[in-house]
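Trainee: My file is upload26.tsv. It has TSV, C-alpha atoms:
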```
chain	number	residue	atom	x	y	z
A	25	MET	CA	23.32	105.12	-62.85
A	26	ALA	CA	24.46	101.82	-64.29
A	27	ARG	CA	24.76	101.71	-68.06
A	28	ARG	CA	21.95	99.86	-69.66
A	29	SER	CA	21.99	98.35	-73.10
A	30	ILE	CA	19.14	99.81	-75.07
A	31	GLY	CA	19.24	96.87	-77.45
A	32	ALA	CA	18.50	94.47	-74.63
A	33	ARG	CA	15.27	96.16	-73.62
A	34	ARG	CA	12.11	95.82	-75.63
A	35	ASN	CA	10.75	99.04	-76.97
A	36	PRO	CA	7.07	99.03	-75.92
A	37	ALA	CA	5.88	101.23	-78.79
A	38	SER	CA	7.45	99.15	-81.52
A	39	GLN	CA	6.48	95.93	-79.83
A	40	GLU	CA	2.84	96.98	-79.74
A	41	ALA	CA	3.05	98.07	-83.36
A	42	ILE	CA	4.37	94.67	-84.36
A	43	LEU	CA	1.68	92.88	-82.35
A	44	ASP	CA	-0.93	95.09	-84.05
A	45	ALA	CA	0.52	94.11	-87.41
A	46	ALA	CA	0.62	90.45	-86.44
A	47	GLU	CA	-3.03	90.57	-85.39
A	48	ALA	CA	-3.98	92.27	-88.65
A	49	VAL	CA	-2.13	89.64	-90.69
A	50	LEU	CA	-3.86	86.85	-88.76
A	51	ARG	CA	-7.27	88.43	-89.32
A	52	GLU	CA	-6.73	89.01	-93.01
A	53	ALA	CA	-4.57	86.13	-94.16
A	54	GLY	CA	-5.36	83.50	-91.51
A	55	ILE	CA	-2.89	81.05	-90.02
A	56	ALA	CA	-1.74	79.85	-93.43
A	57	GLY	CA	-0.69	83.36	-94.46
A	58	PHE	CA	0.92	84.21	-91.14
A	59	SER	CA	4.71	84.56	-91.27
A	60	ILE	CA	7.39	86.76	-89.74
A	61	GLU	CA	7.93	88.14	-93.25
A	62	ALA	CA	4.27	89.12	-93.68
A	63	VAL	CA	4.22	90.77	-90.25
A	64	ALA	CA	7.45	92.68	-90.98
A	65	ARG	CA	5.99	93.97	-94.24
A	66	ARG	CA	2.78	95.02	-92.53
A	67	ALA	CA	4.60	96.70	-89.63
A	68	ARG	CA	7.19	98.31	-91.93
A	69	ALA	CA	9.82	96.75	-89.70
A	70	GLY	CA	12.89	94.74	-90.52
A	71	LYS	CA	12.69	90.98	-90.07
A	72	PRO	CA	15.76	91.08	-87.75
A	73	THR	CA	13.89	93.48	-85.44
A	74	ILE	CA	11.05	90.98	-85.09
A	75	TYR	CA	13.36	88.01	-84.70
A	76	ARG	CA	15.23	89.84	-81.94
A	77	TRP	CA	12.04	89.84	-79.86
A	78	TRP	CA	10.30	86.70	-81.11
A	79	PRO	CA	12.56	83.81	-82.11
A	80	HIS	CA	9.87	82.19	-84.28
A	81	ARG	CA	6.34	82.67	-85.51
A	82	THR	CA	4.83	80.52	-82.75
A	83	ALA	CA	6.16	82.88	-80.07
A	84	LEU	CA	4.73	85.85	-81.95
A	85	MET	CA	1.36	84.13	-82.40
A	86	LEU	CA	1.27	83.33	-78.70
A	87	ASP	CA	1.89	86.98	-77.80
A	88	VAL	CA	-1.01	88.07	-80.01
A	89	TYR	CA	-3.12	85.46	-78.25
A	90	LYS	CA	-1.97	86.60	-74.78
A	91	ARG	CA	-2.89	90.18	-75.55
A	92	PHE	CA	-6.49	89.10	-76.15
A	93	LYS	CA	-6.45	86.89	-73.08
A	94	ASN	CA	-5.08	89.59	-70.79
A	95	SER	CA	-7.83	91.96	-71.83
A	96	ARG	CA	-10.41	89.58	-70.31
A	97	SER	CA	-11.47	89.76	-66.69
A	98	PHE	CA	-10.86	86.68	-64.59
A	99	PRO	CA	-13.88	85.05	-62.88
A	100	ASP	CA	-14.59	85.96	-59.25
A	101	THR	CA	-18.20	85.05	-58.49
A	102	GLY	CA	-17.77	84.27	-54.79
A	103	THR	CA	-18.24	80.50	-55.07
A	104	LEU	CA	-16.00	77.75	-56.41
A	105	ARG	CA	-18.76	76.36	-58.58
A	106	GLY	CA	-19.58	79.78	-60.01
A	107	ASP	CA	-15.94	80.54	-60.69
A	108	LEU	CA	-15.24	77.21	-62.39
A	109	VAL	CA	-18.36	77.37	-64.56
A	110	SER	CA	-17.48	80.91	-65.60
A	111	PHE	CA	-13.84	79.93	-66.17
A	112	LEU	CA	-14.84	77.01	-68.39
A	113	GLU	CA	-17.80	78.59	-70.18
A	114	HIS	CA	-16.53	82.12	-70.77
A	115	HIS	CA	-12.81	82.29	-70.06
A	116	LEU	CA	-11.96	79.20	-72.12
A	117	LEU	CA	-14.72	77.90	-74.44
A	118	GLY	CA	-16.47	81.21	-75.06
A	119	PHE	CA	-13.19	83.09	-75.47
A	120	TRP	CA	-12.07	80.66	-78.16
A	121	LYS	CA	-15.47	80.60	-79.82
A	122	GLY	CA	-16.04	84.31	-80.09
A	123	ASN	CA	-13.07	85.54	-82.03
A	124	LEU	CA	-9.80	84.82	-83.75
A	125	CYS	CA	-8.37	83.30	-80.57
A	126	GLY	CA	-9.77	79.82	-81.05
A	127	THR	CA	-8.20	79.54	-84.47
A	128	VAL	CA	-4.88	80.90	-83.23
A	129	TYR	CA	-4.85	78.59	-80.23
A	130	ARG	CA	-5.67	75.53	-82.36
A	131	ALA	CA	-2.74	76.44	-84.58
A	132	LEU	CA	-0.45	76.84	-81.57
A	133	VAL	CA	-1.41	73.42	-80.24
A	134	ALA	CA	-0.97	71.89	-83.69
A	135	GLU	CA	2.48	73.39	-84.18
A	136	ALA	CA	3.57	72.17	-80.76
A	137	GLN	CA	2.96	68.59	-81.91
A	138	THR	CA	5.66	68.62	-84.54
A	139	ASP	CA	7.95	71.56	-83.65
A	140	PRO	CA	9.92	71.19	-80.38
A	141	GLU	CA	10.46	74.96	-80.10
A	142	ALA	CA	6.71	75.57	-80.38
A	143	ALA	CA	6.13	72.83	-77.80
A	144	LYS	CA	8.45	74.56	-75.31
A	145	VAL	CA	6.62	77.85	-75.76
A	146	LEU	CA	3.19	76.24	-75.32
A	147	ILE	CA	4.19	74.12	-72.32
A	148	ALA	CA	5.68	77.14	-70.53
A	149	TYR	CA	2.57	79.18	-71.28
A	150	GLN	CA	0.29	76.42	-70.00
A	151	ALA	CA	2.25	76.11	-66.74
A	152	GLU	CA	2.04	79.86	-66.20
A	153	ARG	CA	-1.70	80.01	-66.96
A	154	LYS	CA	-2.55	77.03	-64.77
A	155	ALA	CA	-0.64	78.46	-61.81
A	156	PHE	CA	-2.66	81.64	-62.29
A	157	SER	CA	-5.99	79.80	-62.66
A	158	ALA	CA	-5.33	77.71	-59.54
A	159	ARG	CA	-6.14	80.91	-57.62
A	160	ILE	CA	-9.79	79.99	-58.15
A	161	VAL	CA	-9.34	76.91	-55.98
A	162	ASP	CA	-7.04	78.68	-53.53
A	163	ARG	CA	-9.67	81.34	-52.90
A	164	ALA	CA	-12.19	78.52	-52.24
A	165	LYS	CA	-9.78	77.07	-49.68
A	166	ALA	CA	-9.57	80.46	-47.96
A	167	ARG	CA	-13.40	80.55	-47.84
A	168	GLY	CA	-13.51	77.01	-46.38
A	169	GLU	CA	-15.37	75.61	-49.39
A	170	VAL	CA	-12.77	72.90	-49.93
A	171	PRO	CA	-10.12	71.48	-47.57
A	172	GLU	CA	-6.58	72.90	-47.63
A	173	ALA	CA	-5.28	69.58	-48.97
A	174	THR	CA	-7.33	69.85	-52.19
A	175	ASP	CA	-5.18	69.39	-55.29
A	176	SER	CA	-5.80	72.75	-56.99
A	177	ALA	CA	-3.62	71.86	-59.96
A	178	LEU	CA	-5.57	68.68	-60.68
A	179	LEU	CA	-8.95	70.44	-60.64
A	180	VAL	CA	-7.70	73.16	-62.99
A	181	ASP	CA	-6.13	70.51	-65.20
A	182	LEU	CA	-9.43	68.65	-65.54
A	183	VAL	CA	-11.32	71.80	-66.52
A	184	VAL	CA	-8.65	72.95	-68.98
A	185	SER	CA	-8.36	69.44	-70.45
A	186	TYR	CA	-12.07	69.30	-71.15
A	187	ALA	CA	-11.93	72.72	-72.81
A	188	TRP	CA	-8.94	71.82	-75.00
A	189	HIS	CA	-10.58	68.61	-76.14
A	190	GLN	CA	-13.72	70.43	-77.24
A	191	LEU	CA	-11.73	73.15	-78.99
A	192	LEU	CA	-9.64	70.60	-80.89
A	193	LEU	CA	-12.75	68.66	-81.94
A	194	ASP	CA	-14.46	71.89	-82.99
A	195	GLN	CA	-17.34	71.42	-80.53
A	196	LEU	CA	-17.17	74.66	-78.57
A	197	GLU	CA	-20.80	75.63	-78.94
A	198	GLU	CA	-22.16	72.31	-77.69
A	199	ALA	CA	-19.54	72.17	-74.94
A	200	MET	CA	-20.63	75.54	-73.57
A	201	THR	CA	-24.05	74.08	-72.78
A	202	HIS	CA	-22.35	71.28	-70.82
A	203	ALA	CA	-20.11	73.55	-68.71
A	204	PRO	CA	-22.25	73.43	-65.51
A	205	ALA	CA	-22.59	69.62	-65.72
A	206	VAL	CA	-18.84	69.23	-66.21
A	207	VAL	CA	-18.07	71.35	-63.15
A	208	ASP	CA	-20.70	69.51	-61.09
A	209	VAL	CA	-19.04	66.16	-61.84
A	210	ILE	CA	-15.57	67.53	-61.02
A	211	LEU	CA	-16.74	69.02	-57.72
A	212	GLY	CA	-19.34	66.49	-56.65
A	213	GLY	CA	-18.63	63.31	-58.60
A	214	VAL	CA	-21.29	61.04	-60.08
A	215	PRO	CA	-24.56	61.38	-58.12
A	216	GLY	CA	-25.49	58.04	-56.56
A	217	TYR	CA	-22.11	56.41	-57.24
A	218	ARG	CA	-21.65	53.39	-54.98
A	219	GLY	CA	-17.98	52.45	-55.39
B	19	MET	CA	-26.98	35.55	-105.95
B	20	ALA	CA	-26.95	39.29	-106.45
B	21	ARG	CA	-24.10	40.62	-108.52
B	22	ARG	CA	-21.42	42.27	-106.48
B	23	SER	CA	-18.96	44.82	-107.70
B	24	ILE	CA	-15.45	43.59	-106.99
B	25	GLY	CA	-14.12	47.11	-107.26
B	26	ALA	CA	-16.33	48.24	-104.41
B	27	ARG	CA	-14.93	45.70	-101.97
B	28	ARG	CA	-11.54	46.11	-100.36
B	29	ASN	CA	-9.06	43.35	-100.98
B	30	PRO	CA	-7.96	42.31	-97.46
B	31	ALA	CA	-4.54	40.98	-98.52
B	32	SER	CA	-3.48	44.11	-100.36
B	33	GLN	CA	-4.98	46.35	-97.73
B	34	GLU	CA	-2.96	44.67	-95.01
B	35	ALA	CA	0.16	44.89	-97.17
B	36	ILE	CA	-0.35	48.62	-97.59
B	37	LEU	CA	-0.96	49.10	-93.87
B	38	ASP	CA	2.24	47.12	-93.18
B	39	ALA	CA	4.09	49.40	-95.57
B	40	ALA	CA	2.54	52.50	-94.00
B	41	GLU	CA	3.59	51.35	-90.54
B	42	ALA	CA	7.14	50.67	-91.76
B	43	VAL	CA	7.36	54.13	-93.34
B	44	LEU	CA	6.12	55.74	-90.12
B	45	ARG	CA	8.68	53.82	-88.06
B	46	GLU	CA	11.58	54.62	-90.35
B	47	ALA	CA	10.85	58.06	-91.72
B	48	GLY	CA	8.57	59.46	-89.01
B	49	ILE	CA	5.59	61.70	-89.57
B	50	ALA	CA	7.58	64.16	-91.66
B	51	GLY	CA	8.55	61.46	-94.15
B	52	PHE	CA	5.10	59.88	-94.30
B	53	SER	CA	3.31	60.33	-97.62
B	54	ILE	CA	1.06	58.28	-99.90
B	55	GLU	CA	3.96	58.27	-102.35
B	56	ALA	CA	6.42	56.80	-99.83
B	57	VAL	CA	3.89	54.14	-98.80
B	58	ALA	CA	3.17	53.23	-102.44
B	59	ARG	CA	6.90	52.84	-103.11
B	60	ARG	CA	7.35	50.70	-100.03
B	61	ALA	CA	4.31	48.51	-100.81
B	62	ARG	CA	5.16	48.29	-104.53
B	63	ALA	CA	1.64	49.49	-105.18
B	64	GLY	CA	0.31	52.20	-107.44
B	65	LYS	CA	-0.67	55.49	-105.81
B	66	PRO	CA	-4.18	55.22	-107.36
B	67	THR	CA	-4.67	51.88	-105.57
B	68	ILE	CA	-3.94	53.53	-102.24
B	69	TYR	CA	-6.04	56.59	-103.01
B	70	ARG	CA	-8.97	54.35	-103.91
B	71	TRP	CA	-9.01	53.06	-100.32
B	72	TRP	CA	-7.65	56.04	-98.44
B	73	PRO	CA	-8.55	59.47	-99.80
B	74	HIS	CA	-5.65	61.18	-98.00
B	75	ARG	CA	-2.68	60.48	-95.78
B	76	THR	CA	-4.59	61.26	-92.58
B	77	ALA	CA	-7.08	58.46	-93.27
B	78	LEU	CA	-4.21	56.05	-93.90
B	79	MET	CA	-2.39	57.15	-90.73
B	80	LEU	CA	-5.57	56.65	-88.74
B	81	ASP	CA	-5.96	53.10	-90.06
B	82	VAL	CA	-2.40	52.26	-88.99
B	83	TYR	CA	-3.26	53.68	-85.58
B	84	LYS	CA	-6.53	51.71	-85.37
B	85	ARG	CA	-4.73	48.47	-86.14
B	86	PHE	CA	-2.57	48.99	-83.06
B	87	LYS	CA	-5.56	50.03	-80.99
B	88	ASN	CA	-7.67	47.04	-81.99
B	89	SER	CA	-4.93	44.65	-80.97
B	90	ARG	CA	-5.28	45.87	-77.35
B	91	SER	CA	-7.70	44.30	-74.92
B	92	PHE	CA	-10.35	46.57	-73.47
B	93	PRO	CA	-10.51	46.93	-69.66
B	94	ASP	CA	-12.99	44.75	-67.76
B	95	THR	CA	-11.91	44.65	-64.11
B	96	GLY	CA	-15.36	44.23	-62.56
B	97	THR	CA	-15.60	47.71	-61.04
B	98	LEU	CA	-16.18	51.12	-62.59
B	99	ARG	CA	-13.18	52.62	-60.80
B	100	GLY	CA	-10.93	49.76	-61.89
B	101	ASP	CA	-12.11	49.99	-65.48
B	102	LEU	CA	-11.70	53.76	-65.70
B	103	VAL	CA	-8.23	53.73	-64.13
B	104	SER	CA	-7.15	50.97	-66.51
B	105	PHE	CA	-8.75	52.77	-69.46
B	106	LEU	CA	-6.93	56.01	-68.65
B	107	GLU	CA	-3.61	54.56	-67.50
B	108	HIS	CA	-3.11	51.75	-69.99
B	109	HIS	CA	-5.60	52.06	-72.83
B	110	LEU	CA	-4.92	55.77	-73.42
B	111	LEU	CA	-1.80	57.21	-71.73
B	112	GLY	CA	0.27	54.01	-71.66
B	113	PHE	CA	-0.74	53.04	-75.19
B	114	TRP	CA	0.45	56.39	-76.51
B	115	LYS	CA	3.59	56.35	-74.41
B	116	GLY	CA	4.83	52.91	-75.29
B	117	ASN	CA	5.10	52.98	-79.03
B	118	LEU	CA	4.69	54.83	-82.28
B	119	CYS	CA	1.01	55.45	-81.54
B	120	GLY	CA	1.48	58.55	-79.44
B	121	THR	CA	3.46	60.25	-82.17
B	122	VAL	CA	0.95	59.22	-84.83
B	123	TYR	CA	-2.00	60.37	-82.76
B	124	ARG	CA	-0.38	63.74	-82.00
B	125	ALA	CA	0.11	64.20	-85.74
B	126	LEU	CA	-3.52	63.28	-86.42
B	127	VAL	CA	-4.77	65.81	-83.91
B	128	ALA	CA	-2.41	68.44	-85.30
B	129	GLU	CA	-3.53	67.88	-88.89
B	130	ALA	CA	-7.17	68.08	-87.87
B	131	GLN	CA	-6.58	71.66	-86.69
B	132	THR	CA	-5.79	73.02	-90.13
B	133	ASP	CA	-7.16	70.45	-92.59
B	134	PRO	CA	-10.98	70.09	-92.65
B	135	GLU	CA	-10.79	66.60	-94.22
B	136	ALA	CA	-8.49	65.42	-91.43
B	137	ALA	CA	-10.85	67.00	-88.90
B	138	LYS	CA	-13.79	65.02	-90.29
B	139	VAL	CA	-11.85	61.77	-90.05
B	140	LEU	CA	-10.74	62.46	-86.48
B	141	ILE	CA	-14.15	63.62	-85.27
B	142	ALA	CA	-15.84	60.51	-86.73
B	143	TYR	CA	-13.21	58.27	-85.13
B	144	GLN	CA	-13.62	59.96	-81.75
B	145	ALA	CA	-17.40	59.56	-81.83
B	146	GLU	CA	-17.03	55.87	-82.66
B	147	ARG	CA	-14.42	55.26	-79.93
B	148	LYS	CA	-16.36	57.14	-77.28
B	149	ALA	CA	-19.56	55.20	-78.01
B	150	PHE	CA	-17.50	52.04	-77.58
B	151	SER	CA	-15.81	53.23	-74.38
B	152	ALA	CA	-19.14	54.23	-72.84
B	153	ARG	CA	-19.71	50.50	-72.37
B	154	ILE	CA	-17.53	50.83	-69.27
B	155	VAL	CA	-20.16	53.05	-67.67
B	156	ASP	CA	-23.06	51.04	-69.09
B	157	ARG	CA	-21.70	47.88	-67.47
B	158	ALA	CA	-21.48	49.77	-64.17
B	159	LYS	CA	-25.14	50.73	-64.56
B	160	ALA	CA	-26.04	47.07	-65.08
B	161	ARG	CA	-24.14	46.20	-61.87
B	162	GLY	CA	-25.95	48.97	-59.98
B	163	GLU	CA	-22.74	50.90	-59.30
B	164	VAL	CA	-24.17	54.08	-60.79
B	165	PRO	CA	-27.79	55.13	-61.47
B	166	GLU	CA	-29.31	54.52	-64.91
B	167	ALA	CA	-29.51	58.27	-65.49
B	168	THR	CA	-25.71	58.71	-65.30
B	169	ASP	CA	-24.33	60.55	-68.32
B	170	SER	CA	-21.95	57.90	-69.68
B	171	ALA	CA	-20.78	60.12	-72.53
B	172	LEU	CA	-19.77	62.93	-70.17
B	173	LEU	CA	-17.72	60.64	-67.92
B	174	VAL	CA	-15.89	59.15	-70.91
B	175	ASP	CA	-15.37	62.62	-72.33
B	176	LEU	CA	-13.73	63.82	-69.10
B	177	VAL	CA	-11.33	60.88	-69.01
B	178	VAL	CA	-10.45	61.13	-72.71
B	179	SER	CA	-10.05	64.93	-72.46
B	180	TYR	CA	-7.55	64.58	-69.64
B	181	ALA	CA	-5.59	61.99	-71.61
B	182	TRP	CA	-5.50	64.11	-74.79
B	183	HIS	CA	-4.31	67.16	-72.87
B	184	GLN	CA	-1.41	65.25	-71.34
B	185	LEU	CA	-0.47	63.69	-74.68
B	186	LEU	CA	-0.47	67.06	-76.42
B	187	LEU	CA	1.66	68.61	-73.66
B	188	ASP	CA	4.05	65.65	-73.78
B	189	GLN	CA	3.40	64.73	-70.14
B	190	LEU	CA	2.29	61.12	-70.46
B	191	GLU	CA	4.67	59.64	-67.92
B	192	GLU	CA	3.72	62.04	-65.14
B	193	ALA	CA	0.04	61.76	-66.05
B	194	MET	CA	0.10	57.97	-65.65
B	195	THR	CA	0.94	58.41	-61.97
B	196	HIS	CA	-2.11	60.68	-61.59
B	197	ALA	CA	-4.60	58.30	-63.25
B	198	PRO	CA	-6.17	56.96	-60.03
B	199	ALA	CA	-6.53	60.49	-58.57
B	200	VAL	CA	-8.16	61.72	-61.78
B	201	VAL	CA	-10.70	58.89	-61.75
B	202	ASP	CA	-11.40	59.41	-58.05
B	203	VAL	CA	-12.27	63.07	-58.65
B	204	ILE	CA	-14.51	62.19	-61.62
B	205	LEU	CA	-16.36	59.49	-59.67
B	206	GLY	CA	-16.36	60.98	-56.19
B	207	GLY	CA	-15.72	64.70	-56.61
B	208	VAL	CA	-13.54	66.78	-54.31
B	209	PRO	CA	-13.40	65.21	-50.82
B	210	GLY	CA	-14.86	67.59	-48.25
B	211	TYR	CA	-16.35	69.96	-50.83
B	212	ARG	CA	-19.04	72.09	-49.23
B	213	GLY	CA	-20.80	73.81	-52.12
```
Kindly transcribe the structure held in the file into structure tokens.

Mentor:
Amino acid sequence: MARRSIGARRNPASQEAILDAAEAVLREAGIAGFSIEAVARRARAGKPTIYRWWPHRTALMLDVYKRFKNSRSFPDTGTLRGDLVSFLEHHLLGFWKGNLCGTVYRALVAEAQTDPEAAKVLIAYQAERKAFSARIVDRAKARGEVPEATDSALLVDLVVSYAWHQLLLDQLEEAMTHAPAVVDVILGGVPGYRG
Amino acid sequence: MARRSIGARRNPASQEAILDAAEAVLREAGIAGFSIEAVARRARAGKPTIYRWWPHRTALMLDVYKRFKNSRSFPDTGTLRGDLVSFLEHHLLGFWKGNLCGTVYRALVAEAQTDPEAAKVLIAYQAERKAFSARIVDRAKARGEVPEATDSALLVDLVVSYAWHQLLLDQLEEAMTHAPAVVDVILGGVPGYRG
């Protein structure tokens, strides 16, 4: 067997423990009280241990966020319209509305506006999520609901953009009621448009 | 004549001088160096004078931003598609890309995520701008391009959402090339969609 450096691998147990501590700090102290130092104290870990895995607080916050996200099921209703409405209403807006995640995600977006390292983390995460979410449109292509040439990325981008905008303007609740209308415009355009 | 309180009216000359100073501070020191104190120093004004007109730095930043925005002409190409493409490509994405405004607006959005006063200012500004921008769709109704029942606010919201998302992910340049495709989806839906 090849020698492996133990230091180079993450230790799943400790990593989970630190994410648990990070989540607890976020719940109790909010974004303003969230720091690598506070998480280290809570986890009874050394700051260097945390920094070895997460280079800055934004990366750690994002991993707490991802853990919530990954525990959610992804929409698969059998139709493109059903999937997109569910994606927008529950996977994005409702997910942010219901728990700590909306607050954490708003903070991530905010930090990315002034901190280039945070921006890199958020942009990479967005690219990864959108590639994943484009499966909704790809499945619709396989079913013949939309032509092969449909720009999956653009459709996902429009839905995610709408959701972000509502989150950042603190209008999640109202936006959830608009989710079917938003998807209907994106799929079918403006009824009666004569361009 | 009714008595008027001089103190209650803004003095246009001084207000412009302070906005000039605020713009100069933003250009030279960036968002990080922008403070009421720095603007007061630059304008040779007292901090209380500035605070009387602008309760916090976000409100002052927004007024600098608005001054840029108001100096731009609003699209009126004669067609809904032309107006929306111009609105998205030049009035939003290109406006943010070309000058200080994108950086200032990103900072405004970021501050609104953690500061409730900044959020109020941004939400009020957005509501005002969107009501104004809905004229694009209202003119199209008058021309018979879209039915009277068309949800003007929703169409504007979709275009603005897309623009915000691209600004916040620092993808303005690429987004500008997608502007016509974005508008075509919003107006016409997905070509060949069989829902």

Trainee: Residues at most 9 Å from Gly126 (chain A), counting all atoms listed in the file, excluding those fewer than 5 positions away in the same chain, as a list in words?

Mentor: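 The residues that qualify are Leu117, Phe119, Trp120, Lys121, Ala131 and Leu191 of chain A.
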
Trainee: For chain A, which residue among B:Asp169, B:Asp94, B:Glu163, B:Glu192 is the nearest when counting all atoms listed in the file?

Mentor: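 Using all atoms listed in the file, chain A sits closest to B:Glu163.
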
Trainee: Which residues of chain A sit at most 8 Å from chain B, using only C-alpha atoms? Give each one's shortest atom pair and distance in Å (one decimal place), in chain and ascending residue order, as a Markdown table.

Mentor:
```
| residue | atom | partner | partner_atom | distance |
| --- | --- | --- | --- | --- |
| A:Thr103 | CA | B:Gly213 | CA | 7.7 |
| A:Leu104 | CA | B:Gly213 | CA | 7.5 |
| A:Arg105 | CA | B:Gly213 | CA | 7.2 |
| A:Arg130 | CA | B:Gln131 | CA | 5.9 |
| A:Ala131 | CA | B:Gln131 | CA | 6.5 |
| A:Val133 | CA | B:Ala128 | CA | 7.2 |
| A:Ala134 | CA | B:Ala128 | CA | 4.1 |
| A:Glu135 | CA | B:Ala128 | CA | 7.0 |
| A:Ala136 | CA | B:Leu186 | CA | 7.8 |
| A:Gln137 | CA | B:Arg124 | CA | 5.9 |
| A:Thr138 | CA | B:Ala125 | CA | 7.2 |
| A:Ala143 | CA | B:Leu187 | CA | 7.4 |
| A:Leu146 | CA | B:Leu187 | CA | 8.0 |
| A:Ile147 | CA | B:Leu187 | CA | 6.2 |
| A:Gly168 | CA | B:Arg212 | CA | 7.9 |
| A:Glu169 | CA | B:Arg212 | CA | 5.1 |
| A:Val170 | CA | B:Tyr211 | CA | 4.7 |
| A:Pro171 | CA | B:Gly210 | CA | 6.2 |
| A:Thr174 | CA | B:Val208 | CA | 7.2 |
| A:Leu178 | CA | B:Val200 | CA | 7.5 |
| A:Asp181 | CA | B:Tyr180 | CA | 7.5 |
| A:Leu182 | CA | B:Tyr180 | CA | 6.1 |
| A:Ser185 | CA | B:Tyr180 | CA | 5.0 |
| A:Tyr186 | CA | B:Ser179 | CA | 5.0 |
| A:Trp188 | CA | B:His183 | CA | 6.9 |
| A:His189 | CA | B:Ser179 | CA | 5.2 |
| A:Leu192 | CA | B:Gln131 | CA | 6.6 |
| A:Leu193 | CA | B:Ile141 | CA | 6.2 |
| A:Val206 | CA | B:Leu172 | CA | 7.5 |
| A:Val209 | CA | B:Ile204 | CA | 6.0 |
| A:Ile210 | CA | B:Gly207 | CA | 5.2 |
| A:Leu211 | CA | B:Gly207 | CA | 4.6 |
| A:Gly212 | CA | B:Gly207 | CA | 4.0 |
| A:Gly213 | CA | B:Gly207 | CA | 3.8 |
| A:Val214 | CA | B:Leu205 | CA | 5.2 |
| A:Pro215 | CA | B:Thr168 | CA | 7.7 |
| A:Gly216 | CA | B:Val164 | CA | 5.9 |
| A:Tyr217 | CA | B:Val164 | CA | 4.7 |
| A:Arg218 | CA | B:Glu163 | CA | 5.1 |
| A:Gly219 | CA | B:Glu163 | CA | 6.4 |
```

Trainee: Any idea what the distance is between CA of Glu113 (chain A) and CA of Pro204 (chain A)?

Mentor: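 A separation of 8.3 Å between them.
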
Trainee: With a distance cut-off of 10 Å and all atoms listed in the file, select the neighbouring residues of Arg65 (chain A), excluding the residue or stretch itself and same-chain residues fewer than 6 positions from it, and output the selection as a list of chain:residue names.

Mentor: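 Those residues are A:Ala45, A:Val49, A:Ser59, A:Lys71.
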
Trainee: Do you know which residues are at most 10 Å from Ser157 (chain A) counting all atoms listed in the file, after dropping those on the same chain fewer than 3 positions away, and could you put them as a ChimeraX atom specification?

Mentor: /A:98-99,108,111,151-154,160-162,176-177,180-181,184

Trainee: What does the distance from CA of Val109 (chain A) to CA of Leu106 (chain B) come to in Å, to one decimal?

Mentor: 24.6 Å

Trainee: At what distance in Å, to one decimal, does CA of Arg60 (chain B) lie from CA of Asp81 (chain B)?

Mentor: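 Between these atoms lies a distance of 16.8 Å.
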